[in-house]
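Here the structure comes first, spelled out in structure tokens, and everything after it is commentary.
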Amino acid sequence: MTQRAIRGPALTFRGDPFRLPAGEALHYWPDALIRIEDGRIASVEDAAEGLARLPAGVPLTHHADALICPGFIDAHVHFPQMQMIGAFGAELLEWLDRYTFVAEQDFADEDHARDVAGRFLRELLRAGTTTAAVYCTVHPHSVDALFEESERFNTRMIAGKVLMDRNAPEGLLDTAGTGYAQSKALIERWHGRGRQLYCITPRFAPSSTEAQLEAAGRLWREHPGTYVQTHLCENPGEIAWVRELFPDRSSYLDVYDHAGLTGPRAIFGHAVHMSEDDFACCHHTGSALAHCPTSNLFLGSGLFRLFDARRADRPVRVGLGTDIGAGTSFSQLQSLNEAYKVAKLGGNALTPEQGFYLATRGGAEALRLDDRLGQIAPGFEADLVVLDLKATPLLEFRLAHARDLAETLFVLMTLGDDRAIRTTYIAGEPVYERDRAEPFVYPAAAR
Ligand code: GUN
Ligand code: ZN
């Protein structure tokens with residue numbers, strides 16, 4: 001048995017701060033001792049008690065001037081788009097043609113896919129993100145590249161091959177038949193292997209025929225426990241195009257619903273321009289939304305109505321997505337910075353407790369992993385992030401003037417980014433340490 005203990009201030013969510021008072025939803029230990037056994041949290045308690053019970057010889061790391069949180073969860077991100085973050089000037093459909101589809105064609109080259117997958121996993125870990133729902137490209141080997149690197153770090157990733165059988169360059173197209181067969185083979189190779197989980201990934205309605213969407217729905221039904229991810233109601237031009245391409249469907253979401261692509265473990269990215277019927281459909285089917293604020297601002301897509309989505313009488317599960325490369329930061333702290341402003345423009349103030357919940361337990365609930373991820377509690381997988389409260393001179397100075405925990409959290413989500421991530425633990429192993437000579441180390445079992 002491998003054991004280790006981590007000591008320092010820590011927080012977790014015992015409930016949903018969109019429904020409960022912050023003080024009930026959030027639990028904070030000013031000085032916690034977290035004991036980890038074989039990659040899972042064995043106990044968490046006040047350090048005074050935990051230290052007295054800690055068996056001799058268990059390695060202990062003390063994190064001072066820090067905050068230990070559950071690892072951040074990214075509910076929507078494209079690993080091949082890392083090379084085109086910050087592409088100038090366009091809205092969604094033109095941006096896809098001018099930049100995205102150009103970059104994704106580079107992934108025909110397996111070496112390129114492996115190189116970018118390695119960089120991508122490291123950027124996630126540097127940002128304190130321990131689980132993500134990832135779009136690869138149409139090339140099956142791009143999925144192998146991502147999962148192989150994830151397996152080396154022992155991270156829990158949800159990922160899949162993009163399905164596109166129309167309205168994209170020739171080199172990025174599959175067919176309903178080949179897309180189905182390749183995805184099925186990838187499910188058989190990867191789903192449930194170690195911590196890896198497969199996600200059936202039709203890019204969005206305009207780039208799949210009805211036949212392909214139906215094949216994706218069939219594949220999903222045939223493989224319970226797998227995921228579906230796609231884009232929904234991101235941009236007015238895109239929505240008008242879907243109406244033209246699918247005249248028999250009552251709405252954009254109805255295209256997916258009709259193909260059997262709604263339900264638990266379906267994750268819809270963006271959902272900026274949603275009707276009440278759309279939110280109600282997500283609630284009733286148990287589908288989740290990924291709120292991607294840096295992307296929606298960058299492409300000028302619009303303002304996600306988070307507080308409408310989370311409405312108490314028909315709450316929809318919502319995770320937070322970076323949507324790299326339309327998004328502009330890997331850091332979920334920066335996503336929260338922008339999520340706050342997006343909510344504010346809609347007349348709501350996203351509290352720091354709600355923000356940290358979205359990035360941790362809320363994300364786990366959206367991804368249906370809340371029985372094992374997103375909390376610091378016994379039995380949970382020990383994916384943890386250590387925030388450095390003195391990461392920069394400005395952060396240190398500003399936090400010296402914080403009156404309470406809520407203010408500290410709010411300043412972290414305003415000023416924080418990858419510089420504030422001191423250590424990222426994956427299944428109890430410190431795979432990323434900012435200040436180590438070699439910051440990234442594969443866990444012992446994978447070396
Ligand atoms: N809609 C279809 N594909 C994409 C993509 O790659 N990024 C974003 N932001 N929206 C999309
Ligand atoms: Zn996206």
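Starting from 1 in every chain, residues are counted up; chains themselves are A, B, ... following the order of the structure tokens, and ligands are numbered from 1 as listed.
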Hey, which bits of chain A sit within 7 Å of ligand 1, and for each residue what's the closest pair of atoms and how far apart in Å (one decimal), counting only C-alpha atoms and all ligand atoms, rows by chain and increasing number, as CSV?
residue,atom,partner,partner_atom_place_in_ligand_line,distance
A:His78,CA,ligand 1,6 (O),6.7
A:Leu92,CA,ligand 1,10 (N),6.3
A:Leu96,CA,ligand 1,6 (O),6.6
A:Thr100,CA,ligand 1,6 (O),6.5
A:Arg203,CA,ligand 1,2 (C),5.5
A:Phe204,CA,ligand 1,2 (C),5.2
A:His231,CA,ligand 1,1 (N),5.4
A:Glu234,CA,ligand 1,10 (N),6.9
A:Ser295,CA,ligand 1,9 (N),6.5
A:Asp323,CA,ligand 1,9 (N),6.1
A:Ala326,CA,ligand 1,9 (N),5.2
Residue set, region 74-280 of chain A restricted to alpha helix (DSSP H), as a ChimeraX atom specification: /A:92-95,101-105,110-126,140-153,176-190,210-222,236-245,252-258,276-280
Those in region 311-446 of chain A with strand (DSSP E) from DSSP, as a PyMOL selection string: chain A and resi 317-320+384-388+421-426+429-433
Dump N, CA, C and O atoms for the selected residues as a PDB file, in the first residue's frame?
ATOM      1  N   ARG A 317     -27.331  20.716 -15.134  1.00  0.00           N
ATOM      2  CA  ARG A 317     -25.939  20.533 -14.695  1.00  0.00           C
ATOM      3  C   ARG A 317     -25.029  21.385 -15.586  1.00  0.00           C
ATOM      4  O   ARG A 317     -25.142  21.311 -16.814  1.00  0.00           O
ATOM      5  N   VAL A 318     -24.137  22.140 -14.963  1.00  0.00           N
ATOM      6  CA  VAL A 318     -23.244  23.019 -15.719  1.00  0.00           C
ATOM      7  C   VAL A 318     -21.806  22.823 -15.245  1.00  0.00           C
ATOM      8  O   VAL A 318     -21.527  22.909 -14.046  1.00  0.00           O
ATOM      9  N   GLY A 319     -20.914  22.561 -16.185  1.00  0.00           N
ATOM     10  CA  GLY A 319     -19.479  22.556 -15.898  1.00  0.00           C
ATOM     11  C   GLY A 319     -18.843  23.767 -16.562  1.00  0.00           C
ATOM     12  O   GLY A 319     -19.493  24.504 -17.317  1.00  0.00           O
ATOM     13  N   LEU A 320     -17.564  23.963 -16.268  1.00  0.00           N
ATOM     14  CA  LEU A 320     -16.831  25.111 -16.788  1.00  0.00           C
ATOM     15  C   LEU A 320     -15.840  24.604 -17.841  1.00  0.00           C
ATOM     16  O   LEU A 320     -15.107  23.650 -17.574  1.00  0.00           O
ATOM     17  N   LEU A 384      -5.737  16.563  -6.639  1.00  0.00           N
ATOM     18  CA  LEU A 384      -5.778  17.772  -5.814  1.00  0.00           C
ATOM     19  C   LEU A 384      -4.893  18.848  -6.417  1.00  0.00           C
ATOM     20  O   LEU A 384      -3.922  18.550  -7.118  1.00  0.00           O
ATOM     21  N   VAL A 385      -5.241  20.088  -6.119  1.00  0.00           N
ATOM     22  CA  VAL A 385      -4.411  21.192  -6.577  1.00  0.00           C
ATOM     23  C   VAL A 385      -4.075  22.065  -5.371  1.00  0.00           C
ATOM     24  O   VAL A 385      -4.919  22.292  -4.503  1.00  0.00           O
ATOM     25  N   VAL A 386      -2.826  22.507  -5.325  1.00  0.00           N
ATOM     26  CA  VAL A 386      -2.391  23.385  -4.242  1.00  0.00           C
ATOM     27  C   VAL A 386      -2.178  24.783  -4.809  1.00  0.00           C
ATOM     28  O   VAL A 386      -1.292  24.998  -5.650  1.00  0.00           O
ATOM     29  N   LEU A 387      -3.017  25.716  -4.366  1.00  0.00           N
ATOM     30  CA  LEU A 387      -2.881  27.105  -4.810  1.00  0.00           C
ATOM     31  C   LEU A 387      -1.900  27.821  -3.882  1.00  0.00           C
ATOM     32  O   LEU A 387      -1.923  27.630  -2.666  1.00  0.00           O
ATOM     33  N   ASP A 388      -1.072  28.669  -4.478  1.00  0.00           N
ATOM     34  CA  ASP A 388      -0.048  29.418  -3.737  1.00  0.00           C
ATOM     35  C   ASP A 388      -0.579  30.830  -3.494  1.00  0.00           C
ATOM     36  O   ASP A 388      -0.721  31.618  -4.440  1.00  0.00           O
ATOM     37  N   ILE A 421      -0.598  27.991  -9.287  1.00  0.00           N
ATOM     38  CA  ILE A 421      -0.667  26.541  -9.066  1.00  0.00           C
ATOM     39  C   ILE A 421       0.719  26.058  -8.628  1.00  0.00           C
ATOM     40  O   ILE A 421       1.659  26.026  -9.419  1.00  0.00           O
ATOM     41  N   ARG A 422       0.815  25.689  -7.367  1.00  0.00           N
ATOM     42  CA  ARG A 422       2.120  25.241  -6.855  1.00  0.00           C
ATOM     43  C   ARG A 422       2.325  23.759  -7.126  1.00  0.00           C
ATOM     44  O   ARG A 422       3.393  23.344  -7.579  1.00  0.00           O
ATOM     45  N   THR A 423       1.309  22.945  -6.849  1.00  0.00           N
ATOM     46  CA  THR A 423       1.436  21.496  -7.030  1.00  0.00           C
ATOM     47  C   THR A 423       0.117  20.942  -7.556  1.00  0.00           C
ATOM     48  O   THR A 423      -0.948  21.391  -7.144  1.00  0.00           O
ATOM     49  N   THR A 424       0.221  19.984  -8.457  1.00  0.00           N
ATOM     50  CA  THR A 424      -0.960  19.249  -8.911  1.00  0.00           C
ATOM     51  C   THR A 424      -0.732  17.773  -8.601  1.00  0.00           C
ATOM     52  O   THR A 424       0.244  17.176  -9.067  1.00  0.00           O
ATOM     53  N   TYR A 425      -1.624  17.214  -7.799  1.00  0.00           N
ATOM     54  CA  TYR A 425      -1.558  15.791  -7.442  1.00  0.00           C
ATOM     55  C   TYR A 425      -2.532  15.011  -8.310  1.00  0.00           C
ATOM     56  O   TYR A 425      -3.692  15.380  -8.439  1.00  0.00           O
ATOM     57  N   ILE A 426      -2.037  13.932  -8.887  1.00  0.00           N
ATOM     58  CA  ILE A 426      -2.910  13.014  -9.623  1.00  0.00           C
ATOM     59  C   ILE A 426      -2.889  11.684  -8.879  1.00  0.00           C
ATOM     60  O   ILE A 426      -1.829  11.077  -8.708  1.00  0.00           O
ATOM     61  N   GLU A 429      -0.237  11.507  -6.400  1.00  0.00           N
ATOM     62  CA  GLU A 429       1.163  11.706  -6.815  1.00  0.00           C
ATOM     63  C   GLU A 429       1.375  13.138  -7.302  1.00  0.00           C
ATOM     64  O   GLU A 429       0.599  13.623  -8.146  1.00  0.00           O
ATOM     65  N   PRO A 430       2.417  13.814  -6.827  1.00  0.00           N
ATOM     66  CA  PRO A 430       2.669  15.193  -7.266  1.00  0.00           C
ATOM     67  C   PRO A 430       3.284  15.216  -8.666  1.00  0.00           C
ATOM     68  O   PRO A 430       4.492  15.351  -8.826  1.00  0.00           O
ATOM     69  N   VAL A 431       2.458  15.082  -9.685  1.00  0.00           N
ATOM     70  CA  VAL A 431       2.986  14.982 -11.056  1.00  0.00           C
ATOM     71  C   VAL A 431       3.463  16.337 -11.575  1.00  0.00           C
ATOM     72  O   VAL A 431       4.267  16.406 -12.499  1.00  0.00           O
ATOM     73  N   TYR A 432       2.952  17.420 -10.990  1.00  0.00           N
ATOM     74  CA  TYR A 432       3.430  18.766 -11.361  1.00  0.00           C
ATOM     75  C   TYR A 432       3.793  19.534 -10.092  1.00  0.00           C
ATOM     76  O   TYR A 432       2.995  19.637  -9.161  1.00  0.00           O
ATOM     77  N   GLU A 433       5.035  20.030 -10.059  1.00  0.00           N
ATOM     78  CA  GLU A 433       5.430  20.943  -8.983  1.00  0.00           C
ATOM     79  C   GLU A 433       6.131  22.120  -9.629  1.00  0.00           C
ATOM     80  O   GLU A 433       7.200  21.966 -10.224  1.00  0.00           O
TER      81      GLU A 433
END
Residue neighbourhood region 219-224 of chain A, 12 Å, only C-alpha atoms, exclusion window fewer than 2 positions, as a PyMOL selection string: chain A and resi 176-177+179-188+191-192+197-202+212-217+226-229+259-266
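Considering the residues A:Gly346, A:Gly416, A:Gly269, A:Pro21 and counting only C-alpha atoms and all ligand atoms, ligand 2 has its shortest atom-to-atom contact with A:Gly269.
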Ser142 (chain A) surroundings by only C-alpha atoms, 12 Å radius, close-in-sequence under 3 positions cut, as an MDAnalysis selection string: chainID A and resid 78:80 104:118 134:139 145:149 159:162 182:183 186
Would you put the residues from that selection into a file with N, CA, C and O atoms, as a short mmCIF file (atom, residue, chain, number, x, y, z; two decimals), in the first residue's frame?
data_model
loop_
_atom_site.label_atom_id
_atom_site.label_comp_id
_atom_site.auth_asym_id
_atom_site.auth_seq_id
_atom_site.Cartn_x
_atom_site.Cartn_y
_atom_site.Cartn_z
N HIS A 78 -10.40 21.59 -26.69
CA HIS A 78 -9.93 20.95 -27.93
C HIS A 78 -8.40 20.89 -27.89
O HIS A 78 -7.76 21.93 -28.04
N PHE A 79 -7.83 19.67 -27.74
CA PHE A 79 -6.36 19.66 -27.62
C PHE A 79 -5.65 20.08 -28.92
O PHE A 79 -4.62 20.77 -28.84
N PRO A 80 -6.20 19.78 -30.12
CA PRO A 80 -5.45 20.16 -31.34
C PRO A 80 -5.44 21.66 -31.59
O PRO A 80 -4.71 22.14 -32.45
N GLU A 104 -6.22 21.60 -37.58
CA GLU A 104 -6.57 20.19 -37.32
C GLU A 104 -6.04 19.26 -38.40
O GLU A 104 -5.78 18.08 -38.15
N GLN A 105 -5.81 19.80 -39.63
CA GLN A 105 -5.25 18.94 -40.69
C GLN A 105 -3.81 18.53 -40.38
O GLN A 105 -3.34 17.51 -40.86
N ASP A 106 -3.13 19.32 -39.58
CA ASP A 106 -1.75 18.94 -39.19
C ASP A 106 -1.71 17.62 -38.43
O ASP A 106 -0.67 16.97 -38.33
N PHE A 107 -2.86 17.23 -37.87
CA PHE A 107 -2.89 16.03 -37.03
C PHE A 107 -3.00 14.73 -37.84
O PHE A 107 -3.05 13.65 -37.26
N ALA A 108 -2.98 14.88 -39.16
CA ALA A 108 -2.80 13.67 -39.99
C ALA A 108 -1.44 13.05 -39.68
O ALA A 108 -1.24 11.84 -39.84
N ASP A 109 -0.52 13.87 -39.20
CA ASP A 109 0.83 13.42 -38.85
C ASP A 109 0.84 12.94 -37.39
O ASP A 109 0.62 13.71 -36.47
N GLU A 110 1.10 11.64 -37.20
CA GLU A 110 1.04 11.06 -35.86
C GLU A 110 2.04 11.69 -34.90
O GLU A 110 1.76 11.87 -33.71
N ASP A 111 3.22 12.02 -35.42
CA ASP A 111 4.24 12.61 -34.54
C ASP A 111 3.77 13.96 -34.03
O ASP A 111 4.00 14.31 -32.87
N HIS A 112 3.13 14.71 -34.90
CA HIS A 112 2.60 16.01 -34.49
C HIS A 112 1.54 15.83 -33.40
O HIS A 112 1.53 16.54 -32.39
N ALA A 113 0.65 14.86 -33.60
CA ALA A 113 -0.41 14.60 -32.62
C ALA A 113 0.21 14.24 -31.26
O ALA A 113 -0.24 14.74 -30.22
N ARG A 114 1.23 13.40 -31.27
CA ARG A 114 1.88 13.01 -30.01
C ARG A 114 2.56 14.19 -29.35
O ARG A 114 2.48 14.38 -28.13
N ASP A 115 3.23 15.01 -30.14
CA ASP A 115 3.91 16.19 -29.60
C ASP A 115 2.91 17.12 -28.91
O ASP A 115 3.11 17.56 -27.78
N VAL A 116 1.81 17.40 -29.61
CA VAL A 116 0.83 18.35 -29.05
C VAL A 116 0.12 17.74 -27.84
O VAL A 116 -0.16 18.44 -26.86
N ALA A 117 -0.16 16.43 -27.89
CA ALA A 117 -0.80 15.79 -26.73
C ALA A 117 0.07 15.93 -25.48
O ALA A 117 -0.43 16.20 -24.39
N GLY A 118 1.38 15.78 -25.66
CA GLY A 118 2.31 15.93 -24.53
C GLY A 118 2.28 17.35 -23.98
O GLY A 118 2.24 17.57 -22.76
N VAL A 134 -12.28 16.20 -23.68
CA VAL A 134 -11.37 16.68 -24.72
C VAL A 134 -11.83 16.26 -26.11
O VAL A 134 -12.10 15.08 -26.36
N TYR A 135 -11.87 17.21 -27.02
CA TYR A 135 -12.06 16.91 -28.44
C TYR A 135 -10.69 16.65 -29.05
O TYR A 135 -9.78 17.47 -28.90
N CYS A 136 -10.56 15.52 -29.77
CA CYS A 136 -9.35 15.26 -30.54
C CYS A 136 -9.65 15.71 -31.98
O CYS A 136 -10.45 16.62 -32.16
N THR A 137 -9.01 15.13 -32.98
CA THR A 137 -9.40 15.45 -34.36
C THR A 137 -10.12 14.24 -34.95
O THR A 137 -10.36 13.24 -34.26
N VAL A 138 -10.39 14.32 -36.24
CA VAL A 138 -11.07 13.22 -36.93
C VAL A 138 -10.16 11.97 -37.01
O VAL A 138 -10.65 10.86 -37.17
N HIS A 139 -8.84 12.18 -36.82
CA HIS A 139 -7.89 11.08 -36.98
C HIS A 139 -7.86 10.21 -35.71
O HIS A 139 -7.53 10.72 -34.64
N ALA A 145 -2.97 9.28 -29.14
CA ALA A 145 -1.91 10.16 -28.63
C ALA A 145 -2.33 10.79 -27.30
O ALA A 145 -1.56 10.85 -26.34
N LEU A 146 -3.56 11.24 -27.24
CA LEU A 146 -4.05 11.92 -26.03
C LEU A 146 -4.16 10.92 -24.87
O LEU A 146 -3.67 11.18 -23.77
N PHE A 147 -4.79 9.78 -25.11
CA PHE A 147 -4.97 8.80 -24.03
C PHE A 147 -3.64 8.18 -23.60
O PHE A 147 -3.45 7.88 -22.42
N GLU A 148 -2.72 7.98 -24.55
CA GLU A 148 -1.42 7.41 -24.15
C GLU A 148 -0.70 8.34 -23.19
O GLU A 148 -0.13 7.90 -22.19
N GLU A 149 -0.74 9.64 -23.46
CA GLU A 149 -0.08 10.59 -22.55
C GLU A 149 -0.84 10.69 -21.23
O GLU A 149 -0.24 10.78 -20.16
N ALA A 159 -12.35 11.63 -23.65
CA ALA A 159 -11.94 12.16 -24.96
C ALA A 159 -12.48 11.31 -26.08
O ALA A 159 -12.84 10.14 -25.88
N GLY A 160 -12.50 11.91 -27.28
CA GLY A 160 -12.96 11.14 -28.42
C GLY A 160 -12.57 11.75 -29.75
O GLY A 160 -12.21 12.93 -29.85
N LYS A 161 -12.70 10.91 -30.76
CA LYS A 161 -12.44 11.29 -32.14
C LYS A 161 -13.59 12.15 -32.65
O LYS A 161 -14.77 11.77 -32.51
N VAL A 162 -13.27 13.26 -33.26
CA VAL A 162 -14.30 14.11 -33.85
C VAL A 162 -14.92 13.39 -35.06
O VAL A 162 -14.21 12.78 -35.87
N GLN A 182 -14.59 3.52 -36.52
CA GLN A 182 -13.37 3.99 -35.85
C GLN A 182 -13.65 4.33 -34.39
O GLN A 182 -12.85 4.02 -33.49
N SER A 183 -14.80 4.95 -34.13
CA SER A 183 -15.14 5.29 -32.75
C SER A 183 -15.34 4.02 -31.92
O SER A 183 -14.92 3.94 -30.77
N LEU A 186 -12.08 2.58 -31.00
CA LEU A 186 -11.44 3.39 -29.94
C LEU A 186 -12.10 3.13 -28.58
O LEU A 186 -11.43 3.08 -27.55
#
